[in-house]
Amino acid sequence: MAELSSSLLYTSFILYLVGTFLFSGAIRDKRGREKEKGVNRWSKLGIVATIIGFITQLGYFVTRWIAAGHAPVSNMFEFTTFFGMMLVGAFILLYFIYRLNVLGLFALPVAMILIAFASMFPREISPLIPSLKSDWLHIHVTTVAAGQAILAVSFVAGLIYLLKAVDPTVKDKRSFWLEVIMYCLVATIAFIITSSAFSLADYKADFAWVDKNDQEKELSYQLPALVGPHEGELLTEGRFNPLVEMPALVNAKKLNTILWTVITGTILYLLVRLIFRKRISMLLKPLVRRVNLDLLDEIGYRSVLIGFPVFTLGGLIFAMIWAQIAWTRFWGWDPKEVWALITFLFYAVFLHLRLSRGWHGERSAWLAVVGVAIIIFNLVFVNLIIAGLHSYA
């Protein structure tokens with residue numbers, strides 16, 4: 001059952017990739033001229049491939065649930081793949097409302113990045129730890145993921161809006177920060193490629209090291225160690241020796257991952273710039289030249305309008321109920337709880353500025369991008385780097 005589940009997830013990834021190329025064809029089809037709500041042969045094939053991919057990923061979710069005996073949302077691999085699936089589901093729903101092909105061209109790659117990023121984490125099915133053995137796991141985590149996925153659609157719409165509205169040839173703050181967003185996406189892709197390559201090569205380097213309590217421990221690296229652990233001794237022969245040794249207070253393995261992300265991301269970004277001699281935002285601009293900015297603004301706003309209450313329900317209300325049951329307190333200032341509150345407050349401010357101050361259009365698009373940056377920070381850095389009650393994720 002576990003092998004079937006993995007095969008279904010891989011198949012859904014391929015189908016999303018096919019859907020991306022088909023939506024690209026729909027935009028470039030001169031006969032269709034890609035009107036705001038235009039539908040041509042390419043777009044029909046694109047949405048069919050996407051729906052089949054979504055059904056396939058849903059099959060992965062169900063078969064993994066059967067194999068594990070619990071909802072597969074208990075760790076980073078399971079939660080992130082579920083997040084990607086819900087993003088695709090939200091896109092499919094919006095597509096049948098607005099018939100906007102360019103939304104698929106950007107939403108599906110984001111979903112694929114999430115699935116690929118999830119594959120960097122352990123994929124083995126393991127039993128739940130005692131604190132997670134509750135029906136609230138299904139209720140709380142799935143609702144949070146659904147809310148964040150709907151909010152992520154506002155990021156996709158906002159990004160397309162900015163690619164159309166911001167002139168990358170003008171060197172100002174707007175074009176600079178838009179290119180920073182492009183760099184972050186490229187860095188993520190570069191990290192996934194690099195991690196996958198070393199994973200296929202079965203790279204592993206074991207270290208013996210001393211933690212801040214002067215206790216000897218062992219640590220395994222899946223990437224060559226640019227920075228090593230405190231008083232680290234390389235145990236695996238033929239592996240790369242660290243260039244620098246970190247103090248005991250620094251998590252050397254996670255810092256090493258960040259360094260690899262920055263280095264490979266910068267190399268890939270500069271390589272693309274060297275080949276095409278253009279900013280990445282300028283390369284993508286032809287794909288969005290026919291989109292209707294007002295329509296994108298409406299999609300982004302409606303995504304927040306729907307996603308915000310769903311996230312509030314799952315990320316705060318359901319979370320507080322479960323915390324009261326599990327830990328006999330509804331709030332404890334755990335890092336994950338704090339960032340859930342920050343996310344809630346940000347989108348509350350978003351809606352306030354939109355409805356009361358008239359922050360429509362480009363301002364709203366920038367807010368949508370920042371909002372998902374907060375969600376990703378919560379998903380990645382708070383889960384992996386900041387110690388807390390949710391560190392098991």
# chains A, B, ... in the order shown; residues from 1 in each chain; ligands from 1
$ residues_around --residues "region 216-224 of chain A" --least-positions-apart "4" --cutoff "12 Å" --atoms "only C-alpha atoms" --output "short mmCIF file (atom, residue, chain, number, x, y, z; two decimals) with C-alpha atoms, in the first residue's frame"
data_model
loop_
_atom_site.label_atom_id
_atom_site.label_comp_id
_atom_site.auth_asym_id
_atom_site.auth_seq_id
_atom_site.Cartn_x
_atom_site.Cartn_y
_atom_site.Cartn_z
CA MET A 120 13.38 16.17 0.97
CA PHE A 121 12.01 14.98 4.33
CA PRO A 122 11.71 11.38 5.61
CA PHE A 191 17.96 23.40 -3.35
CA ILE A 192 15.47 20.73 -4.43
CA THR A 194 20.80 19.68 -5.31
CA SER A 195 19.19 17.68 -2.48
CA SER A 196 17.66 15.24 -4.96
CA ALA A 197 21.02 14.72 -6.67
CA PHE A 198 22.82 13.91 -3.41
CA SER A 199 19.90 11.75 -2.30
CA LEU A 200 20.08 9.71 -5.52
CA ALA A 201 23.83 9.38 -4.95
CA ASP A 202 23.02 8.10 -1.44
CA TYR A 203 25.33 10.70 0.11
CA LYS A 204 25.70 10.47 3.88
CA ALA A 205 28.36 11.78 6.25
CA ASP A 206 28.29 10.87 9.95
CA PHE A 207 29.86 13.07 12.62
CA ALA A 208 30.58 12.60 16.29
CA TRP A 209 30.23 15.91 18.09
CA VAL A 210 29.77 17.53 21.51
CA ASP A 211 26.61 19.52 22.29
CA LYS A 212 26.22 22.52 24.58
CA GLY A 228 30.65 21.18 10.87
CA PRO A 229 29.24 20.60 14.36
CA HIS A 230 31.00 21.62 17.56
CA GLU A 231 34.14 19.55 18.09
CA GLY A 232 32.96 17.38 15.23
CA GLU A 233 34.84 14.32 14.03
CA LEU A 234 34.05 12.92 10.59
CA LEU A 235 33.28 9.21 10.92
CA THR A 236 32.55 8.42 7.26
CA GLY A 238 35.83 9.71 1.71
CA ARG A 239 33.42 12.51 2.63
CA PHE A 240 33.94 16.26 2.52
CA ASN A 241 35.61 17.75 5.58
CA PRO A 242 33.92 20.90 6.97
CA LEU A 243 35.52 24.22 6.17
CA ALA A 248 27.64 24.23 20.19
CA ASN A 251 22.67 23.97 14.66
CA ALA A 252 25.41 23.25 12.14
CA LYS A 253 23.38 20.82 10.01
CA LYS A 254 20.52 23.29 9.46
CA LEU A 255 22.97 26.14 8.84
CA ASN A 256 24.67 23.91 6.28
CA THR A 257 21.33 23.41 4.52
CA ILE A 258 20.74 27.17 4.41
CA LEU A 259 24.24 27.75 3.00
CA TRP A 260 23.68 25.16 0.27
CA THR A 261 20.34 26.79 -0.59
#
$ residues_around --residues "Ile267 (chain A)" --least-positions-apart "3" --cutoff "12 Å" --atoms "only C-alpha atoms" --output "PDB file with all heavy atoms, in the first residue's frame"
ATOM      1  N   TYR A 183      14.244  35.413  -7.161  1.00  0.00           N
ATOM      2  CA  TYR A 183      15.446  34.761  -6.656  1.00  0.00           C
ATOM      3  C   TYR A 183      15.089  33.688  -5.618  1.00  0.00           C
ATOM      4  O   TYR A 183      15.655  32.587  -5.635  1.00  0.00           O
ATOM      5  CB  TYR A 183      16.387  35.790  -6.031  1.00  0.00           C
ATOM      6  CG  TYR A 183      17.520  35.163  -5.243  1.00  0.00           C
ATOM      7  CD1 TYR A 183      18.635  34.645  -5.895  1.00  0.00           C
ATOM      8  CD2 TYR A 183      17.461  35.066  -3.857  1.00  0.00           C
ATOM      9  CE1 TYR A 183      19.664  34.040  -5.176  1.00  0.00           C
ATOM     10  CE2 TYR A 183      18.480  34.467  -3.137  1.00  0.00           C
ATOM     11  CZ  TYR A 183      19.584  33.954  -3.803  1.00  0.00           C
ATOM     12  OH  TYR A 183      20.590  33.359  -3.090  1.00  0.00           O
ATOM     13  N   VAL A 186      13.806  30.653  -7.360  1.00  0.00           N
ATOM     14  CA  VAL A 186      14.911  29.951  -8.020  1.00  0.00           C
ATOM     15  C   VAL A 186      15.769  29.221  -6.992  1.00  0.00           C
ATOM     16  O   VAL A 186      16.195  28.081  -7.211  1.00  0.00           O
ATOM     17  CB  VAL A 186      15.767  30.945  -8.836  1.00  0.00           C
ATOM     18  CG1 VAL A 186      17.065  30.283  -9.309  1.00  0.00           C
ATOM     19  CG2 VAL A 186      14.987  31.450 -10.040  1.00  0.00           C
ATOM     20  N   ALA A 187      16.031  29.854  -5.836  1.00  0.00           N
ATOM     21  CA  ALA A 187      16.839  29.236  -4.787  1.00  0.00           C
ATOM     22  C   ALA A 187      16.171  27.970  -4.265  1.00  0.00           C
ATOM     23  O   ALA A 187      16.842  26.964  -3.994  1.00  0.00           O
ATOM     24  CB  ALA A 187      17.075  30.226  -3.652  1.00  0.00           C
ATOM     25  N   ILE A 189      14.103  26.025  -5.955  1.00  0.00           N
ATOM     26  CA  ILE A 189      14.239  25.013  -7.008  1.00  0.00           C
ATOM     27  C   ILE A 189      15.653  24.442  -7.018  1.00  0.00           C
ATOM     28  O   ILE A 189      15.857  23.230  -7.141  1.00  0.00           O
ATOM     29  CB  ILE A 189      13.886  25.623  -8.378  1.00  0.00           C
ATOM     30  CG1 ILE A 189      12.392  25.996  -8.415  1.00  0.00           C
ATOM     31  CG2 ILE A 189      14.219  24.653  -9.507  1.00  0.00           C
ATOM     32  CD1 ILE A 189      11.992  26.800  -9.634  1.00  0.00           C
ATOM     33  N   ALA A 190      16.652  25.326  -6.859  1.00  0.00           N
ATOM     34  CA  ALA A 190      18.049  24.877  -6.854  1.00  0.00           C
ATOM     35  C   ALA A 190      18.321  23.942  -5.688  1.00  0.00           C
ATOM     36  O   ALA A 190      19.020  22.925  -5.828  1.00  0.00           O
ATOM     37  CB  ALA A 190      18.978  26.093  -6.795  1.00  0.00           C
ATOM     38  N   PHE A 191      17.769  24.267  -4.519  1.00  0.00           N
ATOM     39  CA  PHE A 191      17.960  23.404  -3.349  1.00  0.00           C
ATOM     40  C   PHE A 191      17.334  22.032  -3.574  1.00  0.00           C
ATOM     41  O   PHE A 191      17.927  20.996  -3.215  1.00  0.00           O
ATOM     42  CB  PHE A 191      17.357  24.059  -2.112  1.00  0.00           C
ATOM     43  CG  PHE A 191      17.276  23.149  -0.923  1.00  0.00           C
ATOM     44  CD1 PHE A 191      18.422  22.761  -0.252  1.00  0.00           C
ATOM     45  CD2 PHE A 191      16.055  22.654  -0.488  1.00  0.00           C
ATOM     46  CE1 PHE A 191      18.359  21.897   0.830  1.00  0.00           C
ATOM     47  CE2 PHE A 191      15.973  21.795   0.592  1.00  0.00           C
ATOM     48  CZ  PHE A 191      17.133  21.421   1.255  1.00  0.00           C
ATOM     49  N   THR A 194      19.559  20.094  -5.973  1.00  0.00           N
ATOM     50  CA  THR A 194      20.796  19.675  -5.306  1.00  0.00           C
ATOM     51  C   THR A 194      20.540  18.547  -4.313  1.00  0.00           C
ATOM     52  O   THR A 194      21.258  17.532  -4.284  1.00  0.00           O
ATOM     53  CB  THR A 194      21.436  20.866  -4.573  1.00  0.00           C
ATOM     54  OG1 THR A 194      21.649  21.932  -5.490  1.00  0.00           O
ATOM     55  CG2 THR A 194      22.764  20.472  -3.946  1.00  0.00           C
ATOM     56  N   TRP A 260      23.822  25.823   1.563  1.00  0.00           N
ATOM     57  CA  TRP A 260      23.682  25.157   0.266  1.00  0.00           C
ATOM     58  C   TRP A 260      22.552  25.779  -0.552  1.00  0.00           C
ATOM     59  O   TRP A 260      22.654  25.920  -1.776  1.00  0.00           O
ATOM     60  CB  TRP A 260      23.424  23.662   0.470  1.00  0.00           C
ATOM     61  CG  TRP A 260      24.682  22.857   0.519  1.00  0.00           C
ATOM     62  CD1 TRP A 260      25.311  22.375   1.627  1.00  0.00           C
ATOM     63  CD2 TRP A 260      25.486  22.453  -0.584  1.00  0.00           C
ATOM     64  NE1 TRP A 260      26.453  21.703   1.292  1.00  0.00           N
ATOM     65  CE2 TRP A 260      26.592  21.728  -0.063  1.00  0.00           C
ATOM     66  CE3 TRP A 260      25.386  22.632  -1.955  1.00  0.00           C
ATOM     67  CZ2 TRP A 260      27.577  21.181  -0.885  1.00  0.00           C
ATOM     68  CZ3 TRP A 260      26.376  22.091  -2.775  1.00  0.00           C
ATOM     69  CH2 TRP A 260      27.447  21.381  -2.248  1.00  0.00           C
ATOM     70  N   THR A 261      21.461  26.156   0.117  1.00  0.00           N
ATOM     71  CA  THR A 261      20.342  26.793  -0.588  1.00  0.00           C
ATOM     72  C   THR A 261      20.774  28.124  -1.195  1.00  0.00           C
ATOM     73  O   THR A 261      20.485  28.414  -2.362  1.00  0.00           O
ATOM     74  CB  THR A 261      19.170  27.015   0.380  1.00  0.00           C
ATOM     75  OG1 THR A 261      18.768  25.770   0.940  1.00  0.00           O
ATOM     76  CG2 THR A 261      17.986  27.650  -0.340  1.00  0.00           C
ATOM     77  N   VAL A 262      21.475  28.930  -0.405  1.00  0.00           N
ATOM     78  CA  VAL A 262      21.917  30.246  -0.880  1.00  0.00           C
ATOM     79  C   VAL A 262      22.934  30.107  -2.009  1.00  0.00           C
ATOM     80  O   VAL A 262      22.839  30.782  -3.047  1.00  0.00           O
ATOM     81  CB  VAL A 262      22.516  31.063   0.283  1.00  0.00           C
ATOM     82  CG1 VAL A 262      23.144  32.356  -0.242  1.00  0.00           C
ATOM     83  CG2 VAL A 262      21.444  31.382   1.316  1.00  0.00           C
ATOM     84  N   ILE A 263      23.903  29.208  -1.827  1.00  0.00           N
ATOM     85  CA  ILE A 263      24.963  29.058  -2.828  1.00  0.00           C
ATOM     86  C   ILE A 263      24.414  28.525  -4.149  1.00  0.00           C
ATOM     87  O   ILE A 263      24.650  29.094  -5.222  1.00  0.00           O
ATOM     88  CB  ILE A 263      26.073  28.131  -2.290  1.00  0.00           C
ATOM     89  CG1 ILE A 263      26.808  28.816  -1.135  1.00  0.00           C
ATOM     90  CG2 ILE A 263      27.058  27.771  -3.401  1.00  0.00           C
ATOM     91  CD1 ILE A 263      27.761  27.906  -0.387  1.00  0.00           C
ATOM     92  N   THR A 264      23.666  27.407  -4.079  1.00  0.00           N
ATOM     93  CA  THR A 264      23.127  26.822  -5.318  1.00  0.00           C
ATOM     94  C   THR A 264      22.082  27.725  -5.947  1.00  0.00           C
ATOM     95  O   THR A 264      22.009  27.833  -7.176  1.00  0.00           O
ATOM     96  CB  THR A 264      22.516  25.440  -5.049  1.00  0.00           C
ATOM     97  OG1 THR A 264      21.497  25.554  -4.026  1.00  0.00           O
ATOM     98  CG2 THR A 264      23.575  24.464  -4.577  1.00  0.00           C
ATOM     99  N   LEU A 270      22.274  33.306 -11.247  1.00  0.00           N
ATOM    100  CA  LEU A 270      23.258  33.998 -12.090  1.00  0.00           C
ATOM    101  C   LEU A 270      23.411  33.302 -13.440  1.00  0.00           C
ATOM    102  O   LEU A 270      23.620  33.965 -14.467  1.00  0.00           O
ATOM    103  CB  LEU A 270      24.605  34.054 -11.373  1.00  0.00           C
ATOM    104  CG  LEU A 270      24.652  34.942 -10.127  1.00  0.00           C
ATOM    105  CD1 LEU A 270      26.022  34.835  -9.460  1.00  0.00           C
ATOM    106  CD2 LEU A 270      24.345  36.401 -10.471  1.00  0.00           C
ATOM    107  N   LEU A 271      23.292  31.971 -13.444  1.00  0.00           N
ATOM    108  CA  LEU A 271      23.378  31.231 -14.695  1.00  0.00           C
ATOM    109  C   LEU A 271      22.231  31.604 -15.634  1.00  0.00           C
ATOM    110  O   LEU A 271      22.440  31.829 -16.845  1.00  0.00           O
ATOM    111  CB  LEU A 271      23.369  29.729 -14.408  1.00  0.00           C
ATOM    112  CG  LEU A 271      23.595  28.793 -15.592  1.00  0.00           C
ATOM    113  CD1 LEU A 271      24.964  29.042 -16.204  1.00  0.00           C
ATOM    114  CD2 LEU A 271      23.460  27.340 -15.158  1.00  0.00           C
ATOM    115  N   VAL A 272      21.021  31.685 -15.085  1.00  0.00           N
ATOM    116  CA  VAL A 272      19.864  32.088 -15.892  1.00  0.00           C
ATOM    117  C   VAL A 272      20.045  33.510 -16.404  1.00  0.00           C
ATOM    118  O   VAL A 272      19.770  33.805 -17.584  1.00  0.00           O
ATOM    119  CB  VAL A 272      18.565  31.964 -15.064  1.00  0.00           C
ATOM    120  CG1 VAL A 272      17.381  32.548 -15.841  1.00  0.00           C
ATOM    121  CG2 VAL A 272      18.286  30.510 -14.711  1.00  0.00           C
ATOM    122  N   ARG A 273      20.506  34.402 -15.529  1.00  0.00           N
ATOM    123  CA  ARG A 273      20.742  35.795 -15.940  1.00  0.00           C
ATOM    124  C   ARG A 273      21.806  35.878 -17.027  1.00  0.00           C
ATOM    125  O   ARG A 273      21.702  36.687 -17.966  1.00  0.00           O
ATOM    126  CB  ARG A 273      21.160  36.634 -14.730  1.00  0.00           C
ATOM    127  CG  ARG A 273      20.066  36.881 -13.700  1.00  0.00           C
ATOM    128  CD  ARG A 273      19.004  37.839 -14.234  1.00  0.00           C
ATOM    129  NE  ARG A 273      19.560  39.103 -14.633  1.00  0.00           N
ATOM    130  CZ  ARG A 273      19.699  40.168 -13.837  1.00  0.00           C
ATOM    131  NH1 ARG A 273      19.320  40.071 -12.562  1.00  0.00           N
ATOM    132  NH2 ARG A 273      20.197  41.295 -14.281  1.00  0.00           N
ATOM    133  N   LEU A 274      22.846  35.039 -16.917  1.00  0.00           N
ATOM    134  CA  LEU A 274      23.935  35.063 -17.899  1.00  0.00           C
ATOM    135  C   LEU A 274      23.471  34.545 -19.255  1.00  0.00           C
ATOM    136  O   LEU A 274      23.841  35.103 -20.304  1.00  0.00           O
ATOM    137  CB  LEU A 274      25.096  34.207 -17.381  1.00  0.00           C
ATOM    138  CG  LEU A 274      26.358  34.163 -18.248  1.00  0.00           C
ATOM    139  CD1 LEU A 274      26.982  35.553 -18.356  1.00  0.00           C
ATOM    140  CD2 LEU A 274      27.363  33.167 -17.698  1.00  0.00           C
TER     141      LEU A 274
END
$ residues_around --residues "Leu151 (chain A)" --least-positions-apart "2" --cutoff "7 Å" --atoms "only C-alpha atoms" --output "list in words"
Gly147, Gln148, Ala149, Val153, Ser154, Phe155, Ser303, Val304 and Gly307 of chain A
$ closest_residue --among "A:Arg64, A:Leu87, A:Val144, A:Ile275" --to "Leu108 (chain A)" --atoms "only C-alpha atoms"
A:Leu87
$ closest_residue --among "A:Met282, A:Ala225, A:Ala157, A:Met182" --to "Gly361 (chain A)" --atoms "only C-alpha atoms"
A:Ala157
$ atom_distance --atom1 "CA of Ser134 (chain A)" --atom2 "CA of Phe330 (chain A)"
15.9 Å
$ closest_residue --among "A:Ile374, A:Ala326, A:Met246, A:Leu162" --to "Ile342 (chain A)" --atoms "only C-alpha atoms"
A:Ile374
$ closest_residue --among "A:Leu296, A:Val310, A:Met86, A:Leu94" --to "Leu163 (chain A)" --atoms "only C-alpha atoms"
A:Leu296
$ residues_around --residues "region 20-30 of chain A" --least-positions-apart "2" --cutoff "12 Å" --atoms "only C-alpha atoms" --output "NGL selection string"
:A and (13-18 or 32-50 or 53 or 88 or 95 or 99-112 or 284 or 286-291)
$ write_last_selection --atoms "N, CA and C atoms" --output "CSV table (one decimal), in the first residue's frame"
chain,number,residue,atom,x,y,z
A,13,PHE,N,2.5,14.4,-9.6
A,13,PHE,CA,3.6,15.5,-9.9
A,13,PHE,C,3.8,15.6,-11.5
A,14,ILE,N,3.9,14.4,-12.1
A,14,ILE,CA,4.0,14.4,-13.6
A,14,ILE,C,2.9,15.1,-14.3
A,15,LEU,N,1.6,14.8,-13.8
A,15,LEU,CA,0.4,15.3,-14.5
A,15,LEU,C,0.4,16.8,-14.2
A,16,TYR,N,0.8,17.3,-13.1
A,16,TYR,CA,0.8,18.8,-12.9
A,16,TYR,C,1.9,19.4,-13.8
A,17,LEU,N,3.0,18.7,-14.0
A,17,LEU,CA,4.0,19.2,-15.0
A,17,LEU,C,3.4,19.3,-16.4
A,18,VAL,N,2.7,18.3,-16.8
A,18,VAL,CA,2.0,18.3,-18.1
A,18,VAL,C,1.0,19.4,-18.2
A,32,GLY,N,-6.3,31.3,-30.0
A,32,GLY,CA,-7.2,31.6,-28.9
A,32,GLY,C,-7.0,33.0,-28.4
A,33,ARG,N,-5.9,33.7,-28.6
A,33,ARG,CA,-5.6,35.0,-28.2
A,33,ARG,C,-5.7,35.3,-26.7
A,34,GLU,N,-6.0,34.2,-26.0
A,34,GLU,CA,-6.0,34.2,-24.5
A,34,GLU,C,-6.8,35.4,-24.0
A,35,LYS,N,-8.0,35.5,-24.3
A,35,LYS,CA,-8.9,36.5,-23.7
A,35,LYS,C,-9.0,36.2,-22.2
A,36,GLU,N,-9.5,37.1,-21.4
A,36,GLU,CA,-9.5,37.0,-20.0
A,36,GLU,C,-10.2,35.7,-19.6
A,37,LYS,N,-11.2,35.3,-20.3
A,37,LYS,CA,-12.0,34.1,-19.9
A,37,LYS,C,-12.0,33.2,-21.1
A,38,GLY,N,-11.0,33.3,-22.0
A,38,GLY,CA,-11.0,32.4,-23.2
A,38,GLY,C,-10.7,31.0,-22.9
A,39,VAL,N,-11.2,30.1,-23.7
A,39,VAL,CA,-11.0,28.6,-23.5
A,39,VAL,C,-10.6,28.1,-24.9
A,40,ASN,N,-9.5,27.4,-25.0
A,40,ASN,CA,-9.2,26.8,-26.2
A,40,ASN,C,-8.8,25.3,-26.0
A,41,ARG,N,-8.3,24.6,-27.0
A,41,ARG,CA,-8.0,23.2,-26.9
A,41,ARG,C,-6.9,23.0,-25.8
A,42,TRP,N,-5.9,23.8,-25.8
A,42,TRP,CA,-4.8,23.7,-24.8
A,42,TRP,C,-5.3,23.8,-23.4
A,43,SER,N,-6.2,24.8,-23.2
A,43,SER,CA,-6.7,25.0,-21.8
A,43,SER,C,-7.6,23.9,-21.4
A,44,LYS,N,-8.4,23.3,-22.3
A,44,LYS,CA,-9.2,22.1,-21.9
A,44,LYS,C,-8.3,20.9,-21.5
A,45,LEU,N,-7.3,20.7,-22.3
A,45,LEU,CA,-6.4,19.6,-22.0
A,45,LEU,C,-5.7,19.9,-20.7
A,46,GLY,N,-5.3,21.1,-20.4
A,46,GLY,CA,-4.6,21.5,-19.2
A,46,GLY,C,-5.4,21.3,-18.0
A,47,ILE,N,-6.7,21.7,-18.0
A,47,ILE,CA,-7.5,21.5,-16.8
A,47,ILE,C,-7.9,20.0,-16.6
A,48,VAL,N,-8.0,19.2,-17.7
A,48,VAL,CA,-8.2,17.8,-17.6
A,48,VAL,C,-7.0,17.1,-16.9
A,49,ALA,N,-5.8,17.4,-17.4
A,49,ALA,CA,-4.6,16.9,-16.8
A,49,ALA,C,-4.5,17.3,-15.3
A,50,THR,N,-4.9,18.5,-15.0
A,50,THR,CA,-4.8,18.9,-13.6
A,50,THR,C,-5.8,18.2,-12.7
A,53,GLY,N,-4.6,14.7,-12.2
A,53,GLY,CA,-3.5,14.8,-11.2
A,53,GLY,C,-4.0,15.0,-9.8
A,88,VAL,N,-3.9,22.9,-5.3
A,88,VAL,CA,-4.4,22.5,-6.6
A,88,VAL,C,-5.9,22.5,-6.6
A,95,TYR,N,-10.6,28.1,-11.3
A,95,TYR,CA,-10.5,28.1,-12.8
A,95,TYR,C,-11.9,28.0,-13.4
A,99,ARG,N,-11.9,31.0,-15.5
A,99,ARG,CA,-11.3,30.5,-16.8
A,99,ARG,C,-10.0,31.3,-17.1
A,100,LEU,N,-9.2,31.4,-16.2
A,100,LEU,CA,-7.9,32.2,-16.4
A,100,LEU,C,-6.8,31.2,-16.5
A,101,ASN,N,-6.3,31.0,-17.7
A,101,ASN,CA,-5.2,30.0,-17.9
A,101,ASN,C,-3.9,30.3,-17.2
A,102,VAL,N,-3.6,31.6,-17.2
A,102,VAL,CA,-2.3,32.0,-16.6
A,102,VAL,C,-2.2,31.7,-15.1
A,103,LEU,N,-3.4,31.5,-14.5
A,103,LEU,CA,-3.4,31.1,-13.1
A,103,LEU,C,-2.9,29.7,-12.9
A,104,GLY,N,-3.2,28.8,-13.8
A,104,GLY,CA,-2.7,27.5,-13.8
A,104,GLY,C,-1.2,27.4,-14.1
A,105,LEU,N,-0.7,28.3,-15.0
A,105,LEU,CA,0.7,28.4,-15.4
A,105,LEU,C,1.6,28.7,-14.2
A,106,PHE,N,1.0,29.4,-13.2
A,106,PHE,CA,1.8,29.7,-12.0
A,106,PHE,C,1.4,28.9,-10.8
A,107,ALA,N,0.1,28.5,-10.6
A,107,ALA,CA,-0.3,27.8,-9.5
A,107,ALA,C,0.3,26.4,-9.5
A,108,LEU,N,0.3,25.7,-10.6
A,108,LEU,CA,0.7,24.3,-10.7
A,108,LEU,C,2.2,24.2,-10.3
A,109,PRO,N,3.1,25.1,-10.9
A,109,PRO,CA,4.5,25.0,-10.5
A,109,PRO,C,4.7,25.2,-9.0
A,110,VAL,N,3.9,26.1,-8.3
A,110,VAL,CA,4.0,26.3,-6.9
A,110,VAL,C,3.7,25.0,-6.2
A,111,ALA,N,2.6,24.3,-6.6
A,111,ALA,CA,2.3,23.0,-6.0
A,111,ALA,C,3.4,22.0,-6.2
A,112,MET,N,4.0,22.0,-7.4
A,112,MET,CA,5.0,21.0,-7.7
A,112,MET,C,6.3,21.3,-6.8
A,284,LEU,N,9.5,36.4,-17.6
A,284,LEU,CA,8.1,35.9,-17.4
A,284,LEU,C,7.1,36.9,-17.9
A,286,PRO,N,6.2,38.3,-20.7
A,286,PRO,CA,5.4,38.0,-21.9
A,286,PRO,C,4.2,37.1,-21.6
A,287,LEU,N,4.4,36.2,-20.6
A,287,LEU,CA,3.3,35.3,-20.3
A,287,LEU,C,2.1,35.9,-19.7
A,288,VAL,N,2.3,37.2,-19.1
A,288,VAL,CA,1.2,37.8,-18.4
A,288,VAL,C,0.7,39.1,-19.1
A,289,ARG,N,1.2,39.3,-20.3
A,289,ARG,CA,0.9,40.6,-20.9
A,289,ARG,C,-0.6,40.8,-21.3
A,290,ARG,N,-1.4,39.7,-21.4
A,290,ARG,CA,-2.8,39.8,-21.8
A,290,ARG,C,-3.7,39.7,-20.6
A,291,VAL,N,-3.2,39.5,-19.4
A,291,VAL,CA,-4.1,39.3,-18.3
A,291,VAL,C,-4.8,40.6,-17.9
$ atom_distance --atom1 "CA of Gln324 (chain A)" --atom2 "CA of Gly371 (chain A)"
27.8 Å
$ select_by_dssp --residues "region 191-355 of chain A" --states "alpha helix (DSSP H)" --output "PyMOL selection string"
chain A and resi 191-200+252-276+280-284+293-312+319-327+335-355
$ atom_distance --atom1 "CA of Ala71 (chain A)" --atom2 "CA of Leu114 (chain A)"
18.7 Å
$ residues_around --residues "Trp65 (chain A)" --least-positions-apart "3" --cutoff "12 Å" --atoms "only C-alpha atoms" --output "number ranges by chain"
A: 1-2, 4-5, 58-62, 68-74, 78, 82, 125-127, 138
$ closest_residue --among "A:Leu128, A:Ile55, A:Ile321, A:Val227" --to "Ile92 (chain A)" --atoms "only C-alpha atoms"
A:Ile55
$ residues_around --residues "Phe176 (chain A)" --least-positions-apart "5" --cutoff "12 Å" --atoms "only C-alpha atoms" --output "list in words"
Leu162, Val166, Asp167, Pro168, Thr169, Val170, Lys171, Ile181, Met182, Tyr183, Arg279, Ile280, Ser281 and Met282 of chain A
$ write_last_selection --atoms "C-alpha atoms" --output "compact mmCIF listing (two decimals), in the first residue's frame"
# COMPACT_ATOMS: atom_id res chain seq x y z
CA LEU A 162 3.10 42.33 -10.04
CA VAL A 166 5.85 46.38 -12.41
CA ASP A 167 8.27 47.44 -15.14
CA PRO A 168 11.50 45.42 -14.60
CA THR A 169 13.48 47.79 -16.83
CA VAL A 170 13.00 50.60 -14.31
CA LYS A 171 15.47 50.27 -11.44
CA ILE A 181 10.84 37.06 -5.06
CA MET A 182 12.09 35.49 -8.28
CA TYR A 183 15.45 34.76 -6.66
CA ARG A 279 15.95 39.66 -15.15
CA ILE A 280 13.75 36.63 -14.50
CA SER A 281 10.76 38.91 -13.98
CA MET A 282 11.38 40.26 -17.50
